[in-house]
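Working notes for the structure below.
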Amino acid sequence: MSTTQSERLRELLEPLVISQGLDLEEIAVDSVGRKRVLRVVVDSDTGADLDQIADVSRELSARLDESDAMGEGEYTLEVGTPGAERALTEHRHYLRAVDRLVRFQLTEGGELVARILDVDDEGLDLEVPGVKGRKATARRLGFAEIDRARVQVEFNRKDKKDMTEEEEA
């Protein structure tokens, strides 16, 4: 039997989130002054659009109203997605980050910024960008070598479709 509020909330809410075709990534209850905020983070392999967020938010709100999981006091429910610079903590997160630039904190110390090319059960195939005109290099990184990983925002990178169209021209 679950003991913490977050575990009870996860047991209550996760089946609803899954029924909407989403993954429940995170649940957090924070106190903001006298108010409490229940933050629920959802995602999927294809991302979650605003309609999906609204639908799941209504479902979660109704389920919470039916239960005593949040107790008697008032709270605000916030449902959203992980955001652009999400932390990668699950295998599925790495799969969703293929072709994205990621900053890795390595278990042996040090840091690596590289693009994820492929993911398997043991680790990642990466492309490490070249520095000062040098070519990019390939690198293999096992999951055991990763302490933390976070997706990096890229403002000026062309997506694959744009690059393919330029090559054809």
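To be explicit about the labels: the chains of the structure tokens are called A, B, and onward in the order shown, and within each one the residues are counted from 1, while ligands get numbers from 1 in the order they are shown.
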Could you tell me, as a compact mmCIF listing (two decimals) with N, CA, C and O atoms, in the first residue's frame, which residues of range 18-152 of chain A DSSP assigns to helix (DSSP H, G or I) when given the backbone?
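The resulting file, states01.txt, is reproduced below:
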```
# COMPACT_ATOMS: atom_id res chain seq x y z
N ILE A 18 -3.14 7.43 -18.88
CA ILE A 18 -2.86 6.38 -19.86
C ILE A 18 -4.05 6.18 -20.79
O ILE A 18 -3.87 6.00 -22.00
N SER A 19 -5.26 6.26 -20.25
CA SER A 19 -6.46 6.08 -21.09
C SER A 19 -6.58 7.19 -22.13
O SER A 19 -7.28 7.03 -23.14
N LEU A 50 -2.64 20.89 -27.14
CA LEU A 50 -3.47 21.61 -26.17
C LEU A 50 -4.81 20.93 -25.94
O LEU A 50 -5.32 20.94 -24.81
N ASP A 51 -5.40 20.34 -26.97
CA ASP A 51 -6.67 19.64 -26.80
C ASP A 51 -6.51 18.44 -25.87
O ASP A 51 -7.36 18.20 -25.00
N GLN A 52 -5.43 17.68 -26.05
CA GLN A 52 -5.18 16.54 -25.17
C GLN A 52 -4.96 17.00 -23.73
O GLN A 52 -5.45 16.37 -22.79
N ILE A 53 -4.22 18.09 -23.56
CA ILE A 53 -3.97 18.61 -22.21
C ILE A 53 -5.28 19.03 -21.57
O ILE A 53 -5.53 18.74 -20.39
N ALA A 54 -6.13 19.72 -22.31
CA ALA A 54 -7.43 20.16 -21.78
C ALA A 54 -8.30 18.96 -21.41
O ALA A 54 -8.91 18.94 -20.34
N ASP A 55 -8.34 17.94 -22.28
CA ASP A 55 -9.14 16.75 -22.00
C ASP A 55 -8.67 16.03 -20.75
O ASP A 55 -9.47 15.69 -19.87
N VAL A 56 -7.37 15.81 -20.66
CA VAL A 56 -6.84 15.09 -19.50
C VAL A 56 -7.00 15.93 -18.23
O VAL A 56 -7.28 15.41 -17.15
N SER A 57 -6.89 17.23 -18.35
CA SER A 57 -7.08 18.12 -17.20
C SER A 57 -8.50 18.00 -16.64
O SER A 57 -8.71 17.90 -15.43
N ARG A 58 -9.48 17.99 -17.53
CA ARG A 58 -10.89 17.83 -17.09
C ARG A 58 -11.10 16.48 -16.41
O ARG A 58 -11.76 16.39 -15.37
N GLU A 59 -10.53 15.41 -17.00
CA GLU A 59 -10.67 14.07 -16.43
C GLU A 59 -10.02 13.99 -15.05
O GLU A 59 -10.59 13.43 -14.11
N LEU A 60 -8.81 14.55 -14.93
CA LEU A 60 -8.10 14.51 -13.65
C LEU A 60 -8.85 15.32 -12.60
O LEU A 60 -8.98 14.89 -11.44
N SER A 61 -9.36 16.48 -12.99
CA SER A 61 -10.10 17.33 -12.06
C SER A 61 -11.33 16.60 -11.52
O SER A 61 -11.60 16.62 -10.32
N ALA A 62 -12.07 15.96 -12.41
CA ALA A 62 -13.27 15.22 -11.99
C ALA A 62 -12.90 14.08 -11.04
O ALA A 62 -13.56 13.88 -10.02
N ARG A 63 -11.83 13.34 -11.36
CA ARG A 63 -11.42 12.22 -10.50
C ARG A 63 -10.97 12.73 -9.13
O ARG A 63 -11.30 12.15 -8.10
N LEU A 64 -10.24 13.84 -9.12
CA LEU A 64 -9.78 14.40 -7.85
C LEU A 64 -10.96 14.89 -7.01
O LEU A 64 -10.97 14.74 -5.79
N ASP A 65 -11.97 15.47 -7.66
CA ASP A 65 -13.17 15.93 -6.94
C ASP A 65 -13.92 14.77 -6.30
O ASP A 65 -14.53 14.94 -5.25
N GLU A 66 -13.87 13.59 -6.94
CA GLU A 66 -14.55 12.40 -6.41
C GLU A 66 -13.80 11.76 -5.24
O GLU A 66 -14.37 10.99 -4.50
N HIS A 91 14.06 5.55 -20.23
CA HIS A 91 14.45 5.08 -21.56
C HIS A 91 13.60 5.76 -22.64
O HIS A 91 14.11 6.20 -23.67
N ARG A 92 12.29 5.87 -22.40
CA ARG A 92 11.39 6.48 -23.39
C ARG A 92 11.74 7.94 -23.64
O ARG A 92 11.53 8.45 -24.74
N HIS A 93 12.30 8.63 -22.64
CA HIS A 93 12.70 10.03 -22.82
C HIS A 93 13.83 10.13 -23.85
O HIS A 93 13.84 11.03 -24.69
N TYR A 94 14.78 9.20 -23.77
CA TYR A 94 15.89 9.19 -24.72
C TYR A 94 15.38 8.89 -26.14
O TYR A 94 15.82 9.50 -27.11
N LEU A 95 14.44 7.95 -26.25
CA LEU A 95 13.85 7.64 -27.56
C LEU A 95 13.18 8.88 -28.16
O LEU A 95 13.29 9.14 -29.35
N ARG A 96 12.49 9.63 -27.33
CA ARG A 96 11.80 10.84 -27.80
C ARG A 96 12.78 11.95 -28.15
O ARG A 96 12.43 12.88 -28.87
N PHE A 143 24.24 3.83 -20.80
CA PHE A 143 23.39 4.48 -19.79
C PHE A 143 24.09 4.58 -18.44
O PHE A 143 23.88 5.54 -17.70
N ALA A 144 24.94 3.59 -18.12
CA ALA A 144 25.64 3.60 -16.83
C ALA A 144 26.64 4.75 -16.74
O ALA A 144 27.03 5.15 -15.64
N GLU A 145 27.03 5.33 -17.88
CA GLU A 145 27.98 6.44 -17.90
C GLU A 145 27.30 7.80 -17.70
O GLU A 145 27.97 8.81 -17.56
```
* Asked: What lies within 9 Å of range 101-113 of chain A using only C-alpha atoms, ignoring chain neighbours under 6 positions off, as a VMD selection string?
  -> chain A and resid 85 128 to 129 144 to 154
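Picture a line from CA of Leu124 in chain A to CA of Ala136 in chain A; it runs 15.9 Å.
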* **Distance query Glu127 in chain A at most 10 Å, only C-alpha atoms, self and fewer than 5 positions along chain excluded, as a list in words** => Asp99, Leu101, Val113, Ala114, Arg115, Ile116, Leu117, Asp118, Ala136, Thr137, Ala138, Arg139 and Arg140 of chain A
